[in-house]
file coords.txt (compact mmCIF, N, CA and C atoms)
# COMPACT_ATOMS: atom_id res chain seq x y z
N MET A 1072 -80.65 30.65 356.91
CA MET A 1072 -80.64 29.93 355.65
C MET A 1072 -81.68 28.82 355.72
N ILE A 1073 -82.45 28.67 354.65
CA ILE A 1073 -83.46 27.63 354.67
C ILE A 1073 -83.16 26.50 353.69
N ASN A 1074 -82.27 26.72 352.75
CA ASN A 1074 -82.03 25.70 351.75
C ASN A 1074 -80.73 26.01 351.00
N MET A 1075 -80.20 24.98 350.34
CA MET A 1075 -79.06 25.18 349.46
C MET A 1075 -79.39 24.57 348.11
N VAL A 1076 -79.04 25.27 347.06
CA VAL A 1076 -79.20 24.74 345.72
C VAL A 1076 -77.99 23.86 345.44
N ASN A 1077 -78.21 22.60 345.08
CA ASN A 1077 -77.13 21.64 344.88
C ASN A 1077 -76.41 21.91 343.56
N ILE A 1078 -75.29 22.61 343.66
CA ILE A 1078 -74.59 23.07 342.45
C ILE A 1078 -73.08 23.21 342.67
N HIS A 1079 -72.55 22.55 343.64
CA HIS A 1079 -71.14 22.67 344.05
C HIS A 1079 -70.18 22.42 342.88
N ASP A 1080 -69.21 23.31 342.75
CA ASP A 1080 -68.10 23.21 341.79
C ASP A 1080 -68.51 23.32 340.32
N GLU A 1081 -69.68 23.86 340.04
CA GLU A 1081 -70.06 24.12 338.65
C GLU A 1081 -69.53 25.50 338.25
N ASN A 1082 -69.18 25.63 336.99
CA ASN A 1082 -68.68 26.89 336.45
C ASN A 1082 -69.83 27.62 335.74
N ILE A 1083 -70.01 28.89 336.07
CA ILE A 1083 -70.95 29.73 335.33
C ILE A 1083 -70.19 30.28 334.13
N TYR A 1084 -70.60 29.90 332.93
CA TYR A 1084 -69.89 30.41 331.76
C TYR A 1084 -70.71 31.42 330.97
N GLY A 1085 -71.93 31.71 331.45
CA GLY A 1085 -72.73 32.74 330.80
C GLY A 1085 -73.92 33.13 331.66
N ILE A 1086 -74.38 34.37 331.47
CA ILE A 1086 -75.55 34.89 332.19
C ILE A 1086 -76.43 35.58 331.15
N PHE A 1087 -77.74 35.34 331.27
CA PHE A 1087 -78.67 35.92 330.31
C PHE A 1087 -79.93 36.34 331.05
N TYR A 1088 -80.43 37.55 330.76
CA TYR A 1088 -81.67 38.03 331.37
C TYR A 1088 -82.74 38.18 330.30
N ILE A 1089 -83.91 37.59 330.56
CA ILE A 1089 -85.05 37.68 329.66
C ILE A 1089 -86.03 38.66 330.28
N ASP A 1090 -86.07 39.87 329.75
CA ASP A 1090 -86.83 40.96 330.33
C ASP A 1090 -88.33 40.66 330.42
N LYS A 1091 -88.93 40.18 329.34
CA LYS A 1091 -90.37 39.94 329.32
C LYS A 1091 -90.80 38.89 330.35
N GLU A 1092 -89.93 37.93 330.64
CA GLU A 1092 -90.24 36.86 331.60
C GLU A 1092 -89.69 37.14 332.99
N GLU A 1093 -88.91 38.21 333.13
CA GLU A 1093 -88.22 38.52 334.39
C GLU A 1093 -87.44 37.30 334.89
N THR A 1094 -86.72 36.67 333.96
CA THR A 1094 -85.97 35.46 334.25
C THR A 1094 -84.48 35.70 334.03
N LEU A 1095 -83.69 35.28 335.01
CA LEU A 1095 -82.23 35.36 334.93
C LEU A 1095 -81.70 33.94 334.82
N GLU A 1096 -80.87 33.69 333.81
CA GLU A 1096 -80.36 32.34 333.59
C GLU A 1096 -78.84 32.31 333.75
N PHE A 1097 -78.36 31.28 334.43
CA PHE A 1097 -76.93 30.97 334.50
C PHE A 1097 -76.70 29.76 333.60
N PHE A 1098 -75.77 29.86 332.67
CA PHE A 1098 -75.38 28.72 331.84
C PHE A 1098 -74.22 28.04 332.56
N LEU A 1099 -74.36 26.75 332.83
CA LEU A 1099 -73.43 26.03 333.70
C LEU A 1099 -72.60 25.00 332.94
N SER A 1100 -71.47 24.63 333.55
CA SER A 1100 -70.56 23.66 332.95
C SER A 1100 -71.14 22.25 332.90
N ASN A 1101 -72.22 21.97 333.65
CA ASN A 1101 -72.86 20.65 333.58
C ASN A 1101 -73.86 20.58 332.43
N LYS A 1102 -73.80 21.57 331.54
CA LYS A 1102 -74.63 21.66 330.34
C LYS A 1102 -76.10 21.95 330.65
N LYS A 1103 -76.38 22.49 331.81
CA LYS A 1103 -77.74 22.87 332.18
C LYS A 1103 -77.79 24.36 332.47
N LYS A 1104 -79.02 24.85 332.67
CA LYS A 1104 -79.23 26.24 333.07
C LYS A 1104 -79.83 26.26 334.47
N LEU A 1105 -79.45 27.25 335.24
CA LEU A 1105 -80.12 27.54 336.50
C LEU A 1105 -80.94 28.78 336.24
N ARG A 1106 -82.26 28.66 336.40
CA ARG A 1106 -83.18 29.77 336.11
C ARG A 1106 -83.76 30.36 337.38
N PHE A 1107 -83.60 31.66 337.52
CA PHE A 1107 -84.24 32.41 338.60
C PHE A 1107 -85.46 33.08 337.99
N LYS A 1108 -86.64 32.80 338.54
CA LYS A 1108 -87.90 33.30 337.98
C LYS A 1108 -88.43 34.48 338.79
N GLU A 1109 -89.08 35.41 338.08
CA GLU A 1109 -89.66 36.62 338.66
C GLU A 1109 -88.61 37.39 339.48
N VAL A 1110 -87.50 37.68 338.84
CA VAL A 1110 -86.37 38.37 339.46
C VAL A 1110 -86.70 39.85 339.64
N ILE A 1111 -86.43 40.37 340.84
CA ILE A 1111 -86.63 41.80 341.08
C ILE A 1111 -85.33 42.54 341.38
N HIS A 1112 -84.24 41.78 341.64
CA HIS A 1112 -82.96 42.43 341.94
C HIS A 1112 -81.83 41.41 341.84
N TRP A 1113 -80.66 41.89 341.39
CA TRP A 1113 -79.43 41.11 341.51
C TRP A 1113 -78.28 42.07 341.68
N ASP A 1114 -77.22 41.55 342.28
CA ASP A 1114 -76.01 42.33 342.50
C ASP A 1114 -74.85 41.34 342.47
N PHE A 1115 -73.99 41.45 341.46
CA PHE A 1115 -72.89 40.50 341.29
C PHE A 1115 -71.55 41.21 341.31
N SER A 1116 -70.53 40.45 341.71
CA SER A 1116 -69.15 40.91 341.54
C SER A 1116 -68.81 40.75 340.05
N GLU A 1117 -67.59 41.01 339.69
CA GLU A 1117 -67.19 40.92 338.29
C GLU A 1117 -67.25 39.49 337.77
N PHE A 1118 -67.64 39.37 336.51
CA PHE A 1118 -67.65 38.09 335.80
C PHE A 1118 -66.24 37.84 335.30
N GLU A 1119 -65.66 36.71 335.67
CA GLU A 1119 -64.26 36.41 335.35
C GLU A 1119 -64.18 35.27 334.32
N LYS A 1120 -62.96 34.89 333.97
CA LYS A 1120 -62.77 33.73 333.08
C LYS A 1120 -63.25 32.45 333.75
N GLN A 1121 -63.02 32.35 335.05
CA GLN A 1121 -63.53 31.22 335.84
C GLN A 1121 -64.50 31.77 336.87
N ASN A 1122 -65.66 31.11 337.00
CA ASN A 1122 -66.70 31.51 337.94
C ASN A 1122 -67.23 30.24 338.60
N ILE A 1123 -66.45 29.71 339.51
CA ILE A 1123 -66.74 28.41 340.12
C ILE A 1123 -67.59 28.61 341.37
N ILE A 1124 -68.77 28.00 341.36
CA ILE A 1124 -69.70 28.11 342.49
C ILE A 1124 -69.29 27.14 343.60
N TYR A 1125 -69.17 27.66 344.79
CA TYR A 1125 -68.97 26.81 345.96
C TYR A 1125 -70.33 26.30 346.45
N GLU A 1126 -71.28 27.24 346.59
CA GLU A 1126 -72.64 26.89 347.00
C GLU A 1126 -73.57 28.07 346.72
N ILE A 1127 -74.86 27.77 346.64
CA ILE A 1127 -75.87 28.81 346.56
C ILE A 1127 -76.83 28.60 347.73
N GLU A 1128 -76.92 29.61 348.58
CA GLU A 1128 -77.77 29.54 349.77
C GLU A 1128 -79.08 30.29 349.50
N GLN A 1129 -80.18 29.74 349.99
CA GLN A 1129 -81.50 30.35 349.81
C GLN A 1129 -82.00 30.84 351.17
N TYR A 1130 -82.43 32.10 351.22
CA TYR A 1130 -82.91 32.70 352.47
C TYR A 1130 -84.32 33.26 352.29
N LYS A 1131 -85.16 33.09 353.31
CA LYS A 1131 -86.48 33.71 353.34
C LYS A 1131 -86.40 35.08 354.02
N GLU A 1132 -85.46 35.22 354.94
CA GLU A 1132 -85.17 36.51 355.58
C GLU A 1132 -83.71 36.83 355.34
N ILE A 1133 -83.43 38.09 355.08
CA ILE A 1133 -82.06 38.49 354.72
C ILE A 1133 -81.20 38.60 355.97
N PRO A 1134 -80.10 37.84 356.03
CA PRO A 1134 -79.18 37.95 357.16
C PRO A 1134 -78.56 39.35 357.25
N ILE A 1135 -78.26 39.78 358.45
CA ILE A 1135 -77.68 41.11 358.66
C ILE A 1135 -76.39 41.29 357.87
N TRP A 1136 -75.54 40.27 357.83
CA TRP A 1136 -74.27 40.42 357.12
C TRP A 1136 -74.47 40.64 355.62
N ILE A 1137 -75.52 40.05 355.04
CA ILE A 1137 -75.82 40.29 353.62
C ILE A 1137 -76.40 41.70 353.44
N LYS A 1138 -77.26 42.14 354.38
CA LYS A 1138 -77.78 43.51 354.31
C LYS A 1138 -76.64 44.52 354.33
N ASP A 1139 -75.67 44.28 355.21
CA ASP A 1139 -74.52 45.18 355.31
C ASP A 1139 -73.65 45.14 354.06
N GLU A 1140 -73.34 43.94 353.59
CA GLU A 1140 -72.44 43.80 352.44
C GLU A 1140 -73.03 44.36 351.15
N PHE A 1141 -74.35 44.22 350.96
CA PHE A 1141 -74.97 44.63 349.71
C PHE A 1141 -75.84 45.88 349.85
N GLY A 1142 -75.87 46.49 351.04
CA GLY A 1142 -76.61 47.73 351.25
C GLY A 1142 -78.12 47.59 351.12
N ILE A 1143 -78.65 46.45 351.52
CA ILE A 1143 -80.09 46.21 351.42
C ILE A 1143 -80.78 46.83 352.62
N LYS A 1144 -81.80 47.64 352.36
CA LYS A 1144 -82.49 48.36 353.42
C LYS A 1144 -83.85 47.77 353.77
N LYS A 1145 -84.46 47.02 352.84
CA LYS A 1145 -85.82 46.53 353.03
C LYS A 1145 -85.85 45.03 353.23
N ALA A 1146 -86.98 44.54 353.74
CA ALA A 1146 -87.21 43.10 353.86
C ALA A 1146 -87.60 42.54 352.49
N LEU A 1147 -87.57 41.24 352.36
CA LEU A 1147 -87.99 40.60 351.12
C LEU A 1147 -89.50 40.69 350.95
N PRO A 1148 -89.97 40.88 349.73
CA PRO A 1148 -91.41 40.83 349.48
C PRO A 1148 -91.96 39.43 349.78
N LEU A 1149 -93.24 39.36 350.03
CA LEU A 1149 -93.91 38.09 350.30
C LEU A 1149 -93.67 37.11 349.15
N ASP A 1150 -93.37 35.87 349.48
CA ASP A 1150 -93.14 34.78 348.51
C ASP A 1150 -91.85 34.92 347.70
N TYR A 1151 -90.93 35.78 348.11
CA TYR A 1151 -89.64 35.90 347.44
C TYR A 1151 -88.53 35.35 348.31
N PHE A 1152 -87.44 34.96 347.67
CA PHE A 1152 -86.26 34.45 348.35
C PHE A 1152 -85.04 35.25 347.92
N LEU A 1153 -84.04 35.27 348.78
CA LEU A 1153 -82.73 35.80 348.43
C LEU A 1153 -81.82 34.60 348.22
N TYR A 1154 -81.13 34.57 347.08
CA TYR A 1154 -80.16 33.53 346.77
C TYR A 1154 -78.78 34.15 346.83
N TYR A 1155 -77.93 33.60 347.69
CA TYR A 1155 -76.56 34.09 347.83
C TYR A 1155 -75.64 33.14 347.09
N ILE A 1156 -74.96 33.65 346.06
CA ILE A 1156 -74.02 32.84 345.29
C ILE A 1156 -72.64 33.01 345.91
N ASN A 1157 -72.18 31.95 346.56
CA ASN A 1157 -70.88 31.93 347.21
C ASN A 1157 -69.93 31.16 346.29
N SER A 1158 -68.91 31.85 345.79
CA SER A 1158 -68.03 31.24 344.80
C SER A 1158 -66.65 30.95 345.34
N SER A 1159 -66.04 29.92 344.78
CA SER A 1159 -64.63 29.62 345.07
C SER A 1159 -63.75 30.61 344.32
N VAL A 1160 -64.16 30.92 343.08
CA VAL A 1160 -63.42 31.81 342.18
C VAL A 1160 -64.44 32.58 341.35
N GLY A 1161 -64.18 33.84 341.10
CA GLY A 1161 -64.99 34.61 340.17
C GLY A 1161 -66.29 35.14 340.74
N LEU A 1162 -67.31 35.17 339.89
CA LEU A 1162 -68.59 35.79 340.20
C LEU A 1162 -69.21 35.29 341.50
N SER A 1163 -69.63 36.25 342.31
CA SER A 1163 -70.41 35.96 343.52
C SER A 1163 -71.45 37.07 343.62
N GLY A 1164 -72.44 36.87 344.50
CA GLY A 1164 -73.43 37.92 344.66
C GLY A 1164 -74.77 37.39 345.11
N ILE A 1165 -75.81 38.20 344.84
CA ILE A 1165 -77.15 37.85 345.28
C ILE A 1165 -78.16 37.99 344.13
N VAL A 1166 -79.24 37.21 344.25
CA VAL A 1166 -80.40 37.33 343.36
C VAL A 1166 -81.62 37.29 344.26
N ILE A 1167 -82.58 38.19 344.03
CA ILE A 1167 -83.86 38.15 344.73
C ILE A 1167 -84.91 37.75 343.69
N ALA A 1168 -85.54 36.60 343.94
CA ALA A 1168 -86.47 36.03 342.97
C ALA A 1168 -87.48 35.14 343.68
N LYS A 1169 -88.54 34.77 342.95
CA LYS A 1169 -89.56 33.87 343.52
C LYS A 1169 -89.06 32.45 343.64
N ASN A 1170 -88.27 31.98 342.68
CA ASN A 1170 -87.71 30.63 342.79
C ASN A 1170 -86.51 30.46 341.88
N ALA A 1171 -85.83 29.34 342.08
CA ALA A 1171 -84.68 28.98 341.25
C ALA A 1171 -84.80 27.49 340.95
N LYS A 1172 -84.69 27.16 339.67
CA LYS A 1172 -84.80 25.76 339.25
C LYS A 1172 -83.84 25.48 338.12
N PHE A 1173 -83.43 24.21 338.05
CA PHE A 1173 -82.61 23.78 336.92
C PHE A 1173 -83.50 23.53 335.72
N SER A 1174 -83.02 23.92 334.57
CA SER A 1174 -83.70 23.63 333.32
C SER A 1174 -83.14 22.35 332.76
N ASP A 1175 -83.98 21.53 332.17
CA ASP A 1175 -83.53 20.28 331.55
C ASP A 1175 -82.95 20.51 330.17
N GLU A 1176 -83.06 21.74 329.68
CA GLU A 1176 -82.51 22.03 328.36
C GLU A 1176 -80.99 21.95 328.38
N VAL A 1177 -80.42 21.25 327.42
CA VAL A 1177 -78.97 21.18 327.31
C VAL A 1177 -78.50 22.44 326.61
N THR A 1178 -77.45 23.09 327.15
CA THR A 1178 -77.04 24.39 326.64
C THR A 1178 -75.99 24.31 325.55
N PHE A 1179 -75.27 23.18 325.43
CA PHE A 1179 -74.29 23.03 324.34
C PHE A 1179 -74.00 21.59 324.12
call {"tool": "encode", "arguments": {"input": "coords.txt", "output": "structure tokens"}}
result
Amino acid sequence: MINMVNIHDENIYGIFYIDKEETLEFFLSNKKKLRFKEVIHWDFSEFEKQNIIYEIEQYKEIPIWIKDEFGIKKALPLDYFLYYINSSVGLSGIVIAKNAKFSDEVTF
């Protein structure tokens, strides 16, 4: 693990993919969006009524346990990261993207 996205105990209440931009957005309970840019893959568990994030870990190399759990056979492309969404409740999974950043746009 090389980094953690500071997002502890936020609820994901919506997910949106923008095909033309290859952007995946999480709408969060702190009224912000978490945007994954240049997304090439994601794999999530079921979206529930509550989707509370414990932490999001960022990896430059995929750990063996993640390869096994998600059936990943290849290494990450150059300049891409794997983001592991570890949840207390609800949605968990992975996103492979170039970066992840918070948007300053208020969502509601």
call {"tool": "residues_around", "arguments": {"input": "coords.txt", "residues": "segment 1098-1107 of chain A", "least_positions_apart": "3", "cutoff": "5 Å", "atoms": "all atoms listed in the file", "output": "ChimeraX atom specification"}}
result
/A:1082-1086,1094-1095,1170-1174,1177-1178
call {"tool": "atom_distance", "arguments": {"input": "coords.txt", "atom1": "atom C of Lys1169 of chain A", "atom2": "atom C of Leu1147 of chain A"}}
result
11.0 Å
call {"tool": "closest_residue", "arguments": {"input": "coords.txt", "among": "A:Tyr1151, A:Ile1133, A:Lys1108, A:Gly1164", "to": "Glu1096 of chain A", "atoms": "only N, CA and C atoms"}}
result
A:Lys1108
call {"tool": "select_by_dssp", "arguments": {"input": "coords.txt", "residues": "chain A", "states": "strand (DSSP E)", "output": "ChimeraX atom specification"}}
result
/A:1074-1076,1083-1089,1094-1099,1104-1108,1112-1115,1123-1130,1152-1160,1164-1168,1170-1174
call {"tool": "closest_residue", "arguments": {"input": "coords.txt", "among": "A:Asp1080, A:Glu1093, A:Glu1126, A:Asp1114", "to": "Gly1142 of chain A", "atoms": "only C-alpha atoms"}}
result
A:Asp1114
